[in-house]
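Shown next: entry30.cif, containing mmCIF, C-alpha atoms.
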```cif
data_my_file
loop_
_atom_site.label_atom_id
_atom_site.label_comp_id
_atom_site.auth_asym_id
_atom_site.auth_seq_id
_atom_site.Cartn_x
_atom_site.Cartn_y
_atom_site.Cartn_z
CA MET A 1 -20.39 8.75 39.71
CA ILE A 2 -17.68 9.36 42.30
CA GLN A 3 -18.90 10.25 45.79
CA GLY A 4 -17.89 13.83 46.46
CA GLY A 5 -17.74 14.76 42.77
CA ASN A 6 -16.11 13.40 39.63
CA ASP A 7 -13.48 16.14 39.75
CA LEU A 8 -11.84 14.18 42.58
CA LEU A 9 -10.37 11.89 39.92
CA PRO A 10 -8.38 14.50 37.93
CA ARG A 11 -7.44 16.20 41.20
CA ALA A 12 -5.94 12.92 42.42
CA PHE A 13 -3.92 12.62 39.20
CA ALA A 14 -2.73 16.21 39.64
CA ARG A 15 -1.52 15.50 43.19
CA GLN A 16 0.36 12.36 42.15
CA LEU A 17 1.95 13.82 39.02
CA SER A 18 2.58 17.25 40.54
CA GLU A 19 5.10 19.26 38.51
CA LYS A 20 5.20 16.66 35.72
CA ILE A 21 2.02 18.21 34.31
CA HIS A 22 2.61 21.06 31.85
CA TYR A 23 -0.45 23.30 31.89
CA GLY A 24 -1.33 25.80 29.18
CA THR A 25 0.57 24.03 26.41
CA GLN A 26 -0.43 22.98 22.91
CA VAL A 27 1.15 19.99 21.16
CA VAL A 28 1.98 20.87 17.55
CA ARG A 29 4.28 18.03 16.43
CA ILE A 30 5.00 14.39 17.32
CA GLU A 31 8.21 13.04 15.84
CA GLN A 32 9.43 9.46 16.20
CA HIS A 33 13.00 8.23 16.09
CA ALA A 34 14.50 4.76 16.38
CA ARG A 35 15.07 5.14 20.13
CA GLY A 36 12.42 7.58 21.25
CA VAL A 37 9.70 10.12 20.56
CA GLN A 38 9.96 13.90 20.55
CA VAL A 39 6.91 16.04 21.30
CA VAL A 40 6.97 19.70 20.31
CA PHE A 41 4.57 22.00 22.15
CA LEU A 42 3.92 25.70 22.52
CA ARG A 43 4.22 27.51 25.82
CA ALA A 44 3.19 31.17 25.64
CA GLY A 45 3.66 30.90 21.87
CA SER A 46 7.24 29.63 22.16
CA PRO A 47 8.08 26.09 20.90
CA GLN A 48 9.57 23.65 23.39
CA LYS A 49 10.42 19.96 23.23
CA ILE A 50 10.13 16.86 25.40
CA THR A 51 11.81 13.56 24.51
CA ALA A 52 10.59 10.23 25.86
CA ASP A 53 10.96 6.51 25.23
CA TYR A 54 7.24 6.19 24.53
CA VAL A 55 4.24 8.49 24.20
CA ILE A 56 0.60 7.88 25.08
CA CYS A 57 -1.51 10.10 22.86
CA ALA A 58 -4.99 10.75 24.29
CA ILE A 59 -5.76 13.68 21.99
CA PRO A 60 -9.19 13.37 20.34
CA PHE A 61 -8.79 12.61 16.64
CA ALA A 62 -10.77 15.76 15.80
CA VAL A 63 -7.85 17.70 17.32
CA LEU A 64 -5.03 15.29 16.46
CA LYS A 65 -5.59 15.91 12.75
CA GLN A 66 -4.19 19.42 13.35
CA VAL A 67 -0.94 18.03 14.83
CA GLU A 68 2.07 17.46 12.55
CA ILE A 69 3.22 13.82 12.61
CA ALA A 70 6.68 12.71 11.45
CA PRO A 71 7.03 10.23 9.98
CA GLN A 72 3.37 9.84 9.03
CA PHE A 73 1.31 7.18 10.76
CA SER A 74 0.19 4.12 8.80
CA PRO A 75 -2.49 4.66 6.13
CA GLY A 76 -5.10 2.89 8.29
CA LYS A 77 -4.39 5.11 11.29
CA GLN A 78 -4.36 8.27 9.21
CA LYS A 79 -7.68 7.32 7.63
CA ALA A 80 -9.19 6.87 11.09
CA ILE A 81 -7.86 10.25 12.23
CA ASP A 82 -9.22 11.96 9.13
CA GLU A 83 -12.65 10.32 9.07
CA LEU A 84 -13.70 9.72 12.68
CA ALA A 85 -16.44 12.23 13.51
CA TYR A 86 -17.33 13.73 16.88
CA THR A 87 -20.91 14.42 17.89
CA SER A 88 -22.19 17.80 18.98
CA VAL A 89 -23.09 17.84 22.68
CA ALA A 90 -24.52 20.66 24.80
CA GLY A 91 -24.98 20.25 28.53
CA VAL A 92 -26.86 22.63 30.82
CA LEU A 93 -26.80 22.22 34.61
CA MET A 94 -29.47 23.78 36.84
CA GLN A 95 -29.14 24.07 40.60
CA SER A 96 -32.32 23.99 42.63
CA GLY A 97 -32.64 24.95 46.29
CA ARG A 98 -35.04 22.06 46.67
CA LYS A 99 -35.26 18.71 44.93
CA VAL A 100 -38.78 19.29 43.67
CA TRP A 101 -38.63 16.08 41.63
CA VAL A 102 -38.12 14.05 44.81
CA ASP A 103 -41.09 15.82 46.39
CA GLN A 104 -43.11 14.60 43.41
CA GLY A 105 -41.93 11.01 43.88
CA LEU A 106 -39.71 11.15 40.78
CA SER A 107 -36.08 10.25 40.20
CA GLY A 108 -35.23 13.39 38.26
CA GLU A 109 -34.35 11.32 35.19
CA ALA A 110 -36.35 11.65 31.99
CA TYR A 111 -35.83 10.67 28.36
CA THR A 112 -38.05 13.02 26.39
CA ASP A 113 -39.06 14.23 22.93
CA LEU A 114 -38.66 17.79 24.19
CA PRO A 115 -35.71 19.94 23.06
CA VAL A 116 -33.89 19.20 26.34
CA MET A 117 -33.76 15.53 25.29
CA LEU A 118 -32.24 13.77 28.34
CA VAL A 119 -32.62 15.18 31.86
CA ALA A 120 -31.08 13.57 34.94
CA GLU A 121 -30.01 14.45 38.46
CA ALA A 122 -26.27 14.98 38.91
CA THR A 123 -26.53 14.90 42.72
CA SER A 124 -28.49 11.69 43.29
CA ASN A 125 -25.75 10.28 45.55
CA GLN A 126 -25.34 13.47 47.58
CA PRO A 127 -27.32 14.36 50.74
CA GLY A 128 -29.20 17.57 51.38
CA ARG A 129 -32.22 19.45 50.06
CA ARG A 130 -30.37 21.09 47.16
CA GLY A 131 -29.96 19.31 43.88
CA ILE A 132 -28.63 19.74 40.37
CA LEU A 133 -30.39 18.63 37.22
CA PHE A 134 -28.58 18.47 33.93
CA SER A 135 -29.85 18.33 30.38
CA ASN A 136 -27.77 16.51 27.81
CA MET A 137 -28.55 17.52 24.22
CA THR A 138 -26.89 16.07 21.14
CA GLY A 139 -26.79 16.53 17.37
CA PRO A 140 -28.83 19.32 15.76
CA GLN A 141 -30.43 20.32 19.06
CA ALA A 142 -26.99 20.71 20.66
CA ARG A 143 -25.90 22.94 17.80
CA ARG A 144 -29.05 25.03 18.24
CA VAL A 145 -28.28 25.57 21.92
CA THR A 146 -24.61 26.25 21.18
CA SER A 147 -25.64 29.17 18.97
CA MET A 148 -27.35 30.84 21.98
CA THR A 149 -25.77 33.07 24.60
CA GLU A 150 -25.04 31.60 28.03
CA ARG A 151 -28.11 33.28 29.55
CA GLU A 152 -30.33 32.11 26.69
CA ARG A 153 -29.13 28.51 27.08
CA ILE A 154 -29.97 28.39 30.77
CA THR A 155 -33.31 30.21 30.42
CA PHE A 156 -34.39 27.98 27.53
CA THR A 157 -33.42 24.77 29.32
CA LEU A 158 -34.99 25.79 32.62
CA LYS A 159 -38.27 26.79 30.98
CA THR A 160 -38.46 23.51 29.07
CA THR A 161 -37.49 21.35 32.05
CA GLU A 162 -40.23 23.06 34.06
CA GLN A 163 -42.67 21.04 31.95
CA LEU A 164 -41.20 17.86 33.44
CA PHE A 165 -40.80 19.03 37.03
CA PRO A 166 -43.26 21.83 37.86
CA GLY A 167 -41.92 24.18 40.52
CA LEU A 168 -38.30 23.93 39.40
CA SER A 169 -38.17 27.57 38.31
CA GLN A 170 -39.42 28.70 41.72
CA HIS A 171 -36.41 27.09 43.45
CA PHE A 172 -33.84 27.74 40.69
CA GLU A 173 -30.58 29.17 42.07
CA GLY A 174 -28.24 29.23 39.08
CA GLY A 175 -26.97 27.39 36.04
CA VAL A 176 -24.05 26.84 33.72
CA SER A 177 -23.60 25.36 30.26
CA LYS A 178 -20.92 23.44 28.40
CA CYS A 179 -21.02 23.14 24.61
CA TRP A 180 -18.34 20.78 23.40
CA ASP A 181 -18.24 22.07 19.83
CA GLU A 182 -16.82 25.29 21.28
CA ASP A 183 -13.99 23.47 23.06
CA GLU A 184 -10.92 23.75 20.84
CA TRP A 185 -9.27 20.83 22.65
CA ALA A 186 -12.19 18.48 22.00
CA ARG A 187 -14.16 19.76 18.96
CA GLY A 188 -17.12 17.60 19.92
CA GLY A 189 -18.44 15.57 22.82
CA TYR A 190 -17.27 12.08 21.94
CA ALA A 191 -16.43 9.86 18.98
CA TRP A 192 -19.41 9.20 16.72
CA PHE A 193 -19.07 6.15 14.49
CA LYS A 194 -21.01 6.20 11.27
CA PRO A 195 -22.51 2.97 9.85
CA GLY A 196 -19.70 0.56 9.01
CA GLN A 197 -16.93 2.53 10.74
CA MET A 198 -16.78 0.17 13.71
CA PHE A 199 -15.45 -2.38 11.22
CA SER A 200 -13.43 -0.09 8.94
CA LEU A 201 -11.84 2.26 11.50
CA MET A 202 -11.90 0.59 14.92
CA PRO A 203 -9.11 -1.93 14.18
CA HIS A 204 -6.73 1.00 13.50
CA ILE A 205 -7.78 3.50 16.17
CA ALA A 206 -6.19 1.94 19.26
CA ARG A 207 -3.29 0.18 17.50
CA PRO A 208 0.15 1.56 18.47
CA GLU A 209 2.22 3.34 15.85
CA GLY A 210 5.81 2.50 16.70
CA ARG A 211 6.51 4.16 20.05
CA VAL A 212 3.26 6.11 20.07
CA HIS A 213 0.36 4.47 21.92
CA PHE A 214 -3.23 5.69 21.98
CA ALA A 215 -5.79 6.20 24.74
CA GLY A 216 -9.09 8.02 25.18
CA GLU A 217 -12.75 7.11 24.96
CA HIS A 218 -12.51 6.96 21.17
CA THR A 219 -9.99 4.09 21.41
CA SER A 220 -12.07 1.97 23.77
CA SER A 221 -14.97 -0.44 23.62
CA TRP A 222 -16.98 2.15 25.62
CA PRO A 223 -16.80 5.27 23.41
CA GLY A 224 -18.37 8.31 25.01
CA TYR A 225 -17.94 7.11 28.61
CA MET A 226 -15.47 7.75 31.44
CA GLN A 227 -15.28 3.98 31.82
CA GLY A 228 -13.94 3.73 28.28
CA ALA A 229 -11.30 6.40 28.88
CA LEU A 230 -10.10 4.64 32.05
CA GLU A 231 -10.10 1.28 30.33
CA SER A 232 -8.03 2.66 27.46
CA GLY A 233 -5.46 4.20 29.80
CA ALA A 234 -4.89 0.87 31.55
CA ARG A 235 -4.59 -0.86 28.18
CA ALA A 236 -2.03 1.66 26.86
CA ALA A 237 0.03 1.28 30.04
CA ARG A 238 0.09 -2.49 29.63
CA GLU A 239 1.21 -2.11 26.02
CA ILE A 240 4.20 -0.05 27.08
CA GLU A 241 5.05 -2.46 29.90
CA ARG A 242 5.24 -5.27 27.31
CA ALA A 243 7.12 -3.19 24.72
CA PRO A 244 10.72 -4.23 23.96
#
```
Could you render the structure as structure tokens?
Amino acid sequence: MIQGGNDLLPRAFARQLSEKIHYGTQVVRIEQHARGVQVVFLRAGSPQKITADYVICAIPFAVLKQVEIAPQFSPGKQKAIDELAYTSVAGVLMQSGRKVWVDQGLSGEAYTDLPVMLVAEATSNQPGRRGILFSNMTGPQARRVTSMTERERITFTLKTTEQLFPGLSQHFEGGVSKCWDEDEWARGGYAWFKPGQMFSLMPHIARPEGRVHFAGEHTSSWPGYMQGALESGARAAREIERAP
């Protein structure tokens, strides 16, 4: 966790990169040439182009398979893009006016066989009486929660978490949910390797394709974690530094 909130990290990137970031755009085509790469994207439905010496592609493979590639990537890379699955994840955050779990001598973290699955405190490194618990649900249970309305998700999670930390509902102030299957730019929470795919797909996932390099948690040795995403970005930058 980052003291002050994890959103400090993307905000720092935004300050440094400033106007170089193009918000509200959708990449639809990546085209390589002998001396560069051209990326075609949509802005307000209108196609535009950017040309660069190299490209770092951090698009999840679940989304990248919808992007036109010319010329096609190698068979191994294309197989990885086509076959790498992404797990369903639903997260519900609940703000409490009082850290009732601390009053009970508990950490706020619980691995359970209840529908909420994993519960943990998101504010353990922040001072004050208020606190936020989050439930992280995956797989079939995540898809069940995703099918609910926003109010139903929060009510269901709060009622279930009350079994772990009695009194939570009494101090509940508000909640919010995030279901990654609904996110069209992710289409799942993180890369989910099936048996054998670490051997069959991993060698191709992070490997550069000409002038296109790859980053993201799915390309790292820590899939599913911020640490993996950061690690992959540093690795892709080094690859380009060493490129001819």
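The shortest atom-to-atom distance to Phe165 (chain A), with all atoms listed in the file taken into account, belongs to A:Glu121 out of A:Glu121, A:Glu182, A:Asp53, A:Glu239.
Among the candidates A:Lys20, A:Arg129, A:Arg143, A:Arg238, the one nearest to Ala215 (chain A) when counting all atoms listed in the file is A:Arg238.
Considering the residues A:Leu64, A:Ala58, A:Val145, A:Ile21 and counting all atoms listed in the file, Gly216 (chain A) has its shortest atom-to-atom contact with A:Ala58.
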Self-check item: Point-to-point distance from CA of Ser177 (chain A) to CA of Met117 (chain A), Å rounded to tenths
Solution: 15.0 Å
Quiz prompt | Pick from A:Arg187, A:Arg153, A:Lys178, A:Arg207 nearest to Ile56 (chain A), counting only C-alpha atoms | solution = A:Arg207
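Shortest atom-to-atom contact with Ala186 (chain A) among A:Ala234, A:Val28, A:Ile132, A:Val63: A:Val63, counting all atoms listed in the file.
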Practice problem: Give as a ChimeraX atom specification each residue that has an atom at most 9 Å from (2.5, 17.0, 22.7) in the file, counting all atoms listed in the file. | Solution: /A:25-30,38-42,49-50,55,57,59,67
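The list of residues with at least one atom within 12 Å of Ala243 (chain A), based on only C-alpha atoms and without residues fewer than 5 positions apart in the same chain, reads Asp53, Tyr54, Pro208, Gly210, Arg211, Val212, His213, Ala236, Ala237 and Arg238 of chain A.
Minimum atom-to-atom distances from A:Leu158, A:Val37, A:Ala62, A:Val100 to Gly189 (chain A) were compared using only C-alpha atoms, and the lowest value belongs to A:Ala62.
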Practice problem: Convert the output of the PyMOL selection byres ((chain A and resi 157) around 9) on the shown file into explicit residues, formatted as JSON, numbers by chain. | Solution: {"A": [92, 93, 94, 115, 116, 135, 152, 153, 154, 155, 156, 158, 159, 160, 161, 162]}
Output C-alpha atoms for every residue in the selection just made, as a compact mmCIF listing (two decimals), in the frame of the given file.
```txt
# COMPACT_ATOMS: atom_id res chain seq x y z
CA VAL A 92 -26.86 22.63 30.82
CA LEU A 93 -26.80 22.22 34.61
CA MET A 94 -29.47 23.78 36.84
CA PRO A 115 -35.71 19.94 23.06
CA VAL A 116 -33.89 19.20 26.34
CA SER A 135 -29.85 18.33 30.38
CA GLU A 152 -30.33 32.11 26.69
CA ARG A 153 -29.13 28.51 27.08
CA ILE A 154 -29.97 28.39 30.77
CA THR A 155 -33.31 30.21 30.42
CA PHE A 156 -34.39 27.98 27.53
CA LEU A 158 -34.99 25.79 32.62
CA LYS A 159 -38.27 26.79 30.98
CA THR A 160 -38.46 23.51 29.07
CA THR A 161 -37.49 21.35 32.05
CA GLU A 162 -40.23 23.06 34.06
```
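One finds CA of Arg144 (chain A) at 17.1 Å from CA of Thr112 (chain A).
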Self-check item: Selection near Gly97 (chain A), 8 Å with only C-alpha atoms, sequence-local residues under 5 positions removed, as a PyMOL selection string
Solution: chain A and resi 129-131+171-173
Generate a file of the selected residues that holds C-alpha atoms, formatted as an mmCIF file, in the frame of the given file.
```cif
data_model
loop_
_atom_site.group_PDB
_atom_site.id
_atom_site.type_symbol
_atom_site.label_atom_id
_atom_site.label_comp_id
_atom_site.auth_asym_id
_atom_site.auth_seq_id
_atom_site.Cartn_x
_atom_site.Cartn_y
_atom_site.Cartn_z
ATOM 1 C CA ARG A 129 -32.220 19.450 50.060
ATOM 2 C CA ARG A 130 -30.370 21.090 47.160
ATOM 3 C CA GLY A 131 -29.960 19.310 43.880
ATOM 4 C CA HIS A 171 -36.410 27.090 43.450
ATOM 5 C CA PHE A 172 -33.840 27.740 40.690
ATOM 6 C CA GLU A 173 -30.580 29.170 42.070
#
```
May I have the protein, DNA and RNA residues with any atom at most 12 Å from the point (-26.7, 15.8, 45.7), counting all atoms listed in the file, written as a CSV table (one decimal) with C-alpha atoms, in the frame of the given file?
```csv
chain,number,residue,atom,x,y,z
A,1,MET,CA,-20.4,8.8,39.7
A,2,ILE,CA,-17.7,9.4,42.3
A,3,GLN,CA,-18.9,10.2,45.8
A,4,GLY,CA,-17.9,13.8,46.5
A,5,GLY,CA,-17.7,14.8,42.8
A,95,GLN,CA,-29.1,24.1,40.6
A,96,SER,CA,-32.3,24.0,42.6
A,97,GLY,CA,-32.6,25.0,46.3
A,98,ARG,CA,-35.0,22.1,46.7
A,99,LYS,CA,-35.3,18.7,44.9
A,102,VAL,CA,-38.1,14.0,44.8
A,108,GLY,CA,-35.2,13.4,38.3
A,120,ALA,CA,-31.1,13.6,34.9
A,121,GLU,CA,-30.0,14.4,38.5
A,122,ALA,CA,-26.3,15.0,38.9
A,123,THR,CA,-26.5,14.9,42.7
A,124,SER,CA,-28.5,11.7,43.3
A,125,ASN,CA,-25.8,10.3,45.6
A,126,GLN,CA,-25.3,13.5,47.6
A,127,PRO,CA,-27.3,14.4,50.7
A,128,GLY,CA,-29.2,17.6,51.4
A,129,ARG,CA,-32.2,19.4,50.1
A,130,ARG,CA,-30.4,21.1,47.2
A,131,GLY,CA,-30.0,19.3,43.9
A,132,ILE,CA,-28.6,19.7,40.4
A,133,LEU,CA,-30.4,18.6,37.2
```
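Our summary of the geometry notes that CA of Phe134 (chain A) is positioned 21.0 Å from CA of Tyr86 (chain A).
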Can you save region 41-63 of chain A of the given block to a file, including N, CA and C atoms and formatted as a short mmCIF file (atom, residue, chain, number, x, y, z; two decimals), in the first residue's frame?
```
data_model
loop_
_atom_site.label_atom_id
_atom_site.label_comp_id
_atom_site.auth_asym_id
_atom_site.auth_seq_id
_atom_site.Cartn_x
_atom_site.Cartn_y
_atom_site.Cartn_z
N PHE A 41 -6.06 5.03 -33.24
CA PHE A 41 -7.00 5.06 -32.13
C PHE A 41 -8.19 5.93 -32.49
N LEU A 42 -9.25 5.76 -31.73
CA LEU A 42 -10.47 6.53 -31.96
C LEU A 42 -10.61 7.60 -30.89
N ARG A 43 -10.88 8.81 -31.35
CA ARG A 43 -11.20 9.91 -30.44
C ARG A 43 -12.55 10.47 -30.87
N ALA A 44 -13.54 10.34 -30.00
CA ALA A 44 -14.91 10.75 -30.32
C ALA A 44 -15.39 10.08 -31.60
N GLY A 45 -14.98 8.82 -31.80
CA GLY A 45 -15.40 8.04 -32.95
C GLY A 45 -14.61 8.29 -34.21
N SER A 46 -13.68 9.24 -34.17
CA SER A 46 -12.88 9.58 -35.35
C SER A 46 -11.49 8.97 -35.25
N PRO A 47 -11.02 8.24 -36.30
CA PRO A 47 -9.70 7.61 -36.24
C PRO A 47 -8.57 8.63 -36.33
N GLN A 48 -7.55 8.42 -35.48
CA GLN A 48 -6.35 9.25 -35.50
C GLN A 48 -5.14 8.34 -35.37
N LYS A 49 -3.96 8.88 -35.67
CA LYS A 49 -2.76 8.05 -35.69
C LYS A 49 -1.64 8.69 -34.90
N ILE A 50 -0.81 7.84 -34.30
CA ILE A 50 0.44 8.26 -33.67
C ILE A 50 1.53 7.33 -34.18
N THR A 51 2.66 7.89 -34.57
CA THR A 51 3.80 7.09 -35.02
C THR A 51 4.94 7.23 -34.02
N ALA A 52 5.58 6.11 -33.70
CA ALA A 52 6.67 6.11 -32.74
C ALA A 52 7.75 5.12 -33.17
N ASP A 53 8.93 5.25 -32.57
CA ASP A 53 10.01 4.30 -32.85
C ASP A 53 9.67 2.94 -32.25
N TYR A 54 9.11 2.96 -31.03
CA TYR A 54 8.76 1.72 -30.34
C TYR A 54 7.42 1.94 -29.63
N VAL A 55 6.77 0.84 -29.31
CA VAL A 55 5.52 0.88 -28.57
C VAL A 55 5.60 -0.10 -27.40
N ILE A 56 5.15 0.33 -26.23
CA ILE A 56 4.94 -0.58 -25.11
C ILE A 56 3.45 -0.82 -24.99
N CYS A 57 3.06 -2.04 -25.19
CA CYS A 57 1.65 -2.42 -25.17
C CYS A 57 1.33 -3.06 -23.82
N ALA A 58 0.52 -2.35 -23.01
CA ALA A 58 0.13 -2.87 -21.70
C ALA A 58 -1.34 -3.25 -21.68
N ILE A 59 -1.93 -3.41 -22.86
CA ILE A 59 -3.34 -3.79 -22.96
C ILE A 59 -3.52 -5.24 -22.52
N PRO A 60 -4.46 -5.52 -21.62
CA PRO A 60 -4.72 -6.93 -21.26
C PRO A 60 -5.04 -7.75 -22.50
N PHE A 61 -4.57 -8.98 -22.53
CA PHE A 61 -4.78 -9.81 -23.72
C PHE A 61 -6.26 -10.04 -24.01
N ALA A 62 -7.10 -10.01 -22.97
CA ALA A 62 -8.55 -10.17 -23.18
C ALA A 62 -9.11 -9.04 -24.02
N VAL A 63 -8.44 -7.88 -24.00
CA VAL A 63 -8.85 -6.73 -24.80
C VAL A 63 -8.03 -6.66 -26.08
#
```
